[in-house]
Amino acid sequence: MAISGAESGWRCARALAAMLVVVALVSACAMTPNGRGGMLMSVDTAGLFGTEAGKFSLNDGSEATLRRDTSGAYSVKLDRYMRVTPLPNAITARIARVETIGQRTVVVIETQERNCAYKYEVLSISGSDVLQWKLGNCVDRPRVEKSADGQMLTLDFPNYNRLTRNIYTDSRMLTSTIPAPAGTDLQSKPFADQALRAPMPASGEGSSAGGRFVPAPPQADTTLQSRPAPAAARNTRTSRASATPASSPAQRSQRTPAPAPLNFPTEEVAPIRIDLRK
């Protein structure tokens with residue numbers, strides 16, 4: 001029986017449409033935690049009808065998406081694994097930092113909750129394995145620093161006259177309260193910029209950081225230094241200098257001890273852990 005060209009084209013069109021439907025159904029699937037240690041397969045309404053709020057890349061080359069569904073709820077979906085991590089109670093969310101720590105991708109997401117202006121979701125991702133922590137003091141951003149060896153991420157929150165330091169390393173989150181290191185202005189507003197780094201002071205007479213005026217450091221008065229000293233004073237200084245031997249760099253370092261390392265008791269913060277393979 002001969003098949004006309006029109007009928008053949010119609011069959012191809014129907015097959016293509018069926019394939020597109022299958023692809024759409026697969027991409028619209030989502031794996032979410034059921035609260036009892038298992039996973040729940042459902043339709044990804046956020047992916048179908050929601051709004052994309054940002055994307056970031058993972059170590060394996062795949063991507064993850066921060067989304068907002070039609071009800072206003074935020075979540076992060078690992079596109080390759082159809083894995084969805086909800087961000088409960090968030091009424092706004094943005095991707096603040098993405099770092100590679102060891103073999104995992106660590107993402108810091110800044111959220112806002114009711115009566116809490118600053119809250120942070122920290123996700124540590126490797127393949128389908130996601131560790132999740134919630135941090136923050138509700139009043140300011142943390143200063144986030146990555147160690148030189150790429151194995152540790154610190155998140156420092158101002159806490160009155162001290163710092164609350166959270167340390168991510170080796171898939172663990174540790175927390176401690178420590179004295180503020182020398183030179184840390186705990187009253188700085190904002191404490192960190194949008195990239196979660198210490199604000200850079202502008203050069204000149206002063207700078208403005210978040211509406212707060214920051215005066216420039218005092219300048220040395222060079223007027224008196226430029227005037228020649230009287231002869232008697234010059235002779236006195238010369239005799240004192242000859243009587244006192246110059247100290248070597250080694251002697252100066254012995255008189256000024258190096259600051260002690262910040263070693264304080266820490267407490268481990270338990271993560272929420274969900275694995276698609278379970």
# chains A, B, ... in the order shown; residues from 1 in each chain; ligands from 1
>>> residues_around(residues="segment 153-170 of chain A", least_positions_apart="6", cutoff="7 Å", atoms="only C-alpha atoms", output="ChimeraX atom specification")
/A:141-147,176-180,186
>>> write_last_selection(atoms="N, CA and C atoms", output="mmCIF file, in the first residue's frame")
data_model
loop_
_atom_site.group_PDB
_atom_site.id
_atom_site.type_symbol
_atom_site.label_atom_id
_atom_site.label_comp_id
_atom_site.auth_asym_id
_atom_site.auth_seq_id
_atom_site.Cartn_x
_atom_site.Cartn_y
_atom_site.Cartn_z
ATOM 1 N N ARG A 141 25.259 41.027 56.393
ATOM 2 C CA ARG A 141 25.903 40.015 55.564
ATOM 3 C C ARG A 141 27.195 39.534 56.234
ATOM 4 N N PRO A 142 27.626 38.307 55.917
ATOM 5 C CA PRO A 142 28.914 37.829 56.427
ATOM 6 C C PRO A 142 30.037 38.178 55.458
ATOM 7 N N ARG A 143 31.250 38.206 55.977
ATOM 8 C CA ARG A 143 32.438 38.294 55.131
ATOM 9 C C ARG A 143 32.921 36.868 54.876
ATOM 10 N N VAL A 144 32.986 36.500 53.607
ATOM 11 C CA VAL A 144 33.316 35.135 53.211
ATOM 12 C C VAL A 144 34.695 35.128 52.584
ATOM 13 N N GLU A 145 35.577 34.266 53.078
ATOM 14 C CA GLU A 145 36.940 34.169 52.569
ATOM 15 C C GLU A 145 37.283 32.717 52.286
ATOM 16 N N LYS A 146 37.972 32.504 51.170
ATOM 17 C CA LYS A 146 38.441 31.174 50.788
ATOM 18 C C LYS A 146 39.916 31.058 51.135
ATOM 19 N N SER A 147 40.318 29.929 51.728
ATOM 20 C CA SER A 147 41.713 29.743 52.111
ATOM 21 C C SER A 147 42.588 29.615 50.871
ATOM 22 N N SER A 176 32.084 28.852 65.776
ATOM 23 C CA SER A 176 32.728 29.285 67.004
ATOM 24 C C SER A 176 32.548 30.786 67.131
ATOM 25 N N THR A 177 32.653 31.293 68.353
ATOM 26 C CA THR A 177 32.656 32.732 68.613
ATOM 27 C C THR A 177 34.063 33.140 68.995
ATOM 28 N N ILE A 178 34.625 34.116 68.269
ATOM 29 C CA ILE A 178 36.029 34.488 68.457
ATOM 30 C C ILE A 178 36.148 36.000 68.606
ATOM 31 N N PRO A 179 37.250 36.484 69.225
ATOM 32 C CA PRO A 179 37.513 37.926 69.210
ATOM 33 C C PRO A 179 37.753 38.395 67.782
ATOM 34 N N ALA A 180 37.354 39.612 67.502
ATOM 35 C CA ALA A 180 37.556 40.153 66.162
ATOM 36 C C ALA A 180 39.045 40.376 65.920
ATOM 37 N N LEU A 186 33.768 46.233 63.447
ATOM 38 C CA LEU A 186 32.504 45.527 63.643
ATOM 39 C C LEU A 186 31.299 46.430 63.461
#
>>> atom_distance(atom1="atom CA of Pro86 of chain A", atom2="atom CA of Ser62 of chain A")
19.0 Å
>>> residues_around(residues="Gln132 of chain A", least_positions_apart="3", cutoff="10 Å", atoms="only C-alpha atoms", output="PDB file with all heavy atoms, in the first residue's frame")
ATOM      1  N   THR A  85      16.315  21.082  45.634  1.00  0.00           N
ATOM      2  CA  THR A  85      16.552  21.417  47.037  1.00  0.00           C
ATOM      3  C   THR A  85      15.697  22.629  47.394  1.00  0.00           C
ATOM      4  O   THR A  85      15.936  23.728  46.884  1.00  0.00           O
ATOM      5  CB  THR A  85      18.027  21.735  47.292  1.00  0.00           C
ATOM      6  OG1 THR A  85      18.825  20.595  46.973  1.00  0.00           O
ATOM      7  CG2 THR A  85      18.261  22.118  48.744  1.00  0.00           C
ATOM      8  N   LEU A  87      14.219  25.874  49.395  1.00  0.00           N
ATOM      9  CA  LEU A  87      14.717  26.919  50.295  1.00  0.00           C
ATOM     10  C   LEU A  87      13.523  27.413  51.104  1.00  0.00           C
ATOM     11  O   LEU A  87      12.905  28.433  50.766  1.00  0.00           O
ATOM     12  CB  LEU A  87      15.363  28.067  49.500  1.00  0.00           C
ATOM     13  CG  LEU A  87      16.460  27.671  48.516  1.00  0.00           C
ATOM     14  CD1 LEU A  87      16.982  28.895  47.782  1.00  0.00           C
ATOM     15  CD2 LEU A  87      17.610  26.944  49.223  1.00  0.00           C
ATOM     16  N   VAL A 106      30.583  24.755  46.450  1.00  0.00           N
ATOM     17  CA  VAL A 106      29.927  25.353  47.611  1.00  0.00           C
ATOM     18  C   VAL A 106      29.260  26.651  47.160  1.00  0.00           C
ATOM     19  O   VAL A 106      29.920  27.540  46.612  1.00  0.00           O
ATOM     20  CB  VAL A 106      30.923  25.613  48.752  1.00  0.00           C
ATOM     21  CG1 VAL A 106      30.216  26.254  49.947  1.00  0.00           C
ATOM     22  CG2 VAL A 106      31.595  24.317  49.178  1.00  0.00           C
ATOM     23  N   VAL A 107      27.958  26.736  47.384  1.00  0.00           N
ATOM     24  CA  VAL A 107      27.160  27.879  46.949  1.00  0.00           C
ATOM     25  C   VAL A 107      26.568  28.557  48.176  1.00  0.00           C
ATOM     26  O   VAL A 107      26.001  27.899  49.047  1.00  0.00           O
ATOM     27  CB  VAL A 107      26.027  27.433  46.003  1.00  0.00           C
ATOM     28  CG1 VAL A 107      25.290  28.632  45.437  1.00  0.00           C
ATOM     29  CG2 VAL A 107      26.567  26.555  44.886  1.00  0.00           C
ATOM     30  N   GLU A 121      21.649  30.292  52.924  1.00  0.00           N
ATOM     31  CA  GLU A 121      21.631  28.856  52.668  1.00  0.00           C
ATOM     32  C   GLU A 121      22.974  28.496  52.038  1.00  0.00           C
ATOM     33  O   GLU A 121      23.357  29.067  51.010  1.00  0.00           O
ATOM     34  CB  GLU A 121      20.503  28.481  51.712  1.00  0.00           C
ATOM     35  CG  GLU A 121      19.113  28.833  52.210  1.00  0.00           C
ATOM     36  CD  GLU A 121      18.527  27.778  53.135  1.00  0.00           C
ATOM     37  OE1 GLU A 121      19.175  26.723  53.305  1.00  0.00           O
ATOM     38  OE2 GLU A 121      17.428  28.009  53.670  1.00  0.00           O
ATOM     39  N   VAL A 122      23.701  27.597  52.682  1.00  0.00           N
ATOM     40  CA  VAL A 122      24.980  27.132  52.156  1.00  0.00           C
ATOM     41  C   VAL A 122      24.782  25.712  51.646  1.00  0.00           C
ATOM     42  O   VAL A 122      24.398  24.817  52.408  1.00  0.00           O
ATOM     43  CB  VAL A 122      26.086  27.180  53.231  1.00  0.00           C
ATOM     44  CG1 VAL A 122      27.419  26.705  52.656  1.00  0.00           C
ATOM     45  CG2 VAL A 122      26.226  28.600  53.786  1.00  0.00           C
ATOM     46  N   LEU A 123      25.036  25.503  50.346  1.00  0.00           N
ATOM     47  CA  LEU A 123      24.891  24.188  49.722  1.00  0.00           C
ATOM     48  C   LEU A 123      26.260  23.684  49.310  1.00  0.00           C
ATOM     49  O   LEU A 123      27.022  24.412  48.660  1.00  0.00           O
ATOM     50  CB  LEU A 123      23.980  24.256  48.495  1.00  0.00           C
ATOM     51  CG  LEU A 123      22.598  24.885  48.673  1.00  0.00           C
ATOM     52  CD1 LEU A 123      21.843  24.854  47.346  1.00  0.00           C
ATOM     53  CD2 LEU A 123      21.812  24.178  49.755  1.00  0.00           C
ATOM     54  N   SER A 124      26.582  22.460  49.682  1.00  0.00           N
ATOM     55  CA  SER A 124      27.807  21.787  49.254  1.00  0.00           C
ATOM     56  C   SER A 124      27.385  20.632  48.358  1.00  0.00           C
ATOM     57  O   SER A 124      26.703  19.707  48.802  1.00  0.00           O
ATOM     58  CB  SER A 124      28.591  21.283  50.468  1.00  0.00           C
ATOM     59  OG  SER A 124      29.674  20.469  50.067  1.00  0.00           O
ATOM     60  N   ILE A 125      27.797  20.683  47.069  1.00  0.00           N
ATOM     61  CA  ILE A 125      27.251  19.780  46.057  1.00  0.00           C
ATOM     62  C   ILE A 125      28.369  18.972  45.416  1.00  0.00           C
ATOM     63  O   ILE A 125      29.402  19.519  45.019  1.00  0.00           O
ATOM     64  CB  ILE A 125      26.496  20.577  44.969  1.00  0.00           C
ATOM     65  CG1 ILE A 125      25.435  21.478  45.610  1.00  0.00           C
ATOM     66  CG2 ILE A 125      25.868  19.650  43.945  1.00  0.00           C
ATOM     67  CD1 ILE A 125      24.815  22.473  44.657  1.00  0.00           C
ATOM     68  N   MET A 173      30.612  21.684  58.591  1.00  0.00           N
ATOM     69  CA  MET A 173      30.474  23.087  58.963  1.00  0.00           C
ATOM     70  C   MET A 173      30.703  23.208  60.463  1.00  0.00           C
ATOM     71  O   MET A 173      29.993  22.597  61.270  1.00  0.00           O
ATOM     72  CB  MET A 173      29.086  23.614  58.600  1.00  0.00           C
ATOM     73  CG  MET A 173      28.896  25.091  58.894  1.00  0.00           C
ATOM     74  SD  MET A 173      29.802  26.183  57.756  1.00  0.00           S
ATOM     75  CE  MET A 173      28.809  26.006  56.269  1.00  0.00           C
ATOM     76  N   ALA A 270      25.144  20.329  62.169  1.00  0.00           N
ATOM     77  CA  ALA A 270      24.686  19.180  61.380  1.00  0.00           C
ATOM     78  C   ALA A 270      23.986  19.668  60.114  1.00  0.00           C
ATOM     79  O   ALA A 270      23.172  20.590  60.166  1.00  0.00           O
ATOM     80  CB  ALA A 270      23.735  18.316  62.191  1.00  0.00           C
ATOM     81  N   PRO A 271      24.291  19.051  58.962  1.00  0.00           N
ATOM     82  CA  PRO A 271      23.642  19.481  57.721  1.00  0.00           C
ATOM     83  C   PRO A 271      22.350  18.715  57.460  1.00  0.00           C
ATOM     84  O   PRO A 271      22.089  17.670  58.064  1.00  0.00           O
ATOM     85  CB  PRO A 271      24.688  19.124  56.660  1.00  0.00           C
ATOM     86  CG  PRO A 271      25.325  17.871  57.206  1.00  0.00           C
ATOM     87  CD  PRO A 271      25.316  18.030  58.714  1.00  0.00           C
ATOM     88  N   ILE A 272      21.553  19.248  56.552  1.00  0.00           N
ATOM     89  CA  ILE A 272      20.481  18.471  55.930  1.00  0.00           C
ATOM     90  C   ILE A 272      21.106  17.790  54.729  1.00  0.00           C
ATOM     91  O   ILE A 272      21.700  18.434  53.878  1.00  0.00           O
ATOM     92  CB  ILE A 272      19.315  19.383  55.491  1.00  0.00           C
ATOM     93  CG1 ILE A 272      18.744  20.126  56.690  1.00  0.00           C
ATOM     94  CG2 ILE A 272      18.244  18.588  54.770  1.00  0.00           C
ATOM     95  CD1 ILE A 272      17.741  21.184  56.322  1.00  0.00           C
ATOM     96  N   ARG A 273      21.021  16.470  54.653  1.00  0.00           N
ATOM     97  CA  ARG A 273      21.695  15.729  53.586  1.00  0.00           C
ATOM     98  C   ARG A 273      20.676  14.884  52.812  1.00  0.00           C
ATOM     99  O   ARG A 273      19.946  14.111  53.401  1.00  0.00           O
ATOM    100  CB  ARG A 273      22.786  14.829  54.152  1.00  0.00           C
ATOM    101  CG  ARG A 273      23.581  14.098  53.078  1.00  0.00           C
ATOM    102  CD  ARG A 273      24.830  13.475  53.636  1.00  0.00           C
ATOM    103  NE  ARG A 273      25.812  13.196  52.589  1.00  0.00           N
ATOM    104  CZ  ARG A 273      27.094  13.011  52.812  1.00  0.00           C
ATOM    105  NH1 ARG A 273      27.562  13.118  54.043  1.00  0.00           N
ATOM    106  NH2 ARG A 273      27.911  12.755  51.833  1.00  0.00           N
ATOM    107  N   ILE A 274      20.670  15.071  51.495  1.00  0.00           N
ATOM    108  CA  ILE A 274      19.775  14.307  50.633  1.00  0.00           C
ATOM    109  C   ILE A 274      20.572  13.819  49.442  1.00  0.00           C
ATOM    110  O   ILE A 274      21.333  14.582  48.834  1.00  0.00           O
ATOM    111  CB  ILE A 274      18.602  15.173  50.138  1.00  0.00           C
ATOM    112  CG1 ILE A 274      17.935  15.892  51.305  1.00  0.00           C
ATOM    113  CG2 ILE A 274      17.598  14.358  49.360  1.00  0.00           C
ATOM    114  CD1 ILE A 274      17.100  17.058  50.906  1.00  0.00           C
TER     115      ILE A 274
END
>>> select_by_dssp(residues="segment 64-233 of chain A", states="strand (DSSP E or B)", output="PyMOL selection string")
chain A and resi 64-68+74-78+83-87+92-101+104-113+116-126+129-135+143-146+152-159+162-169+172-179+206-209+212-215
>>> closest_residue(among="A:Gln151, A:Thr100, A:Ser171, A:Thr70", to="Leu131 of chain A", atoms="only C-alpha atoms")
A:Ser171
>>> select_by_dssp(residues="segment 40-97 of chain A", states="alpha helix (DSSP H)", output="number ranges by chain")
A: 45-49
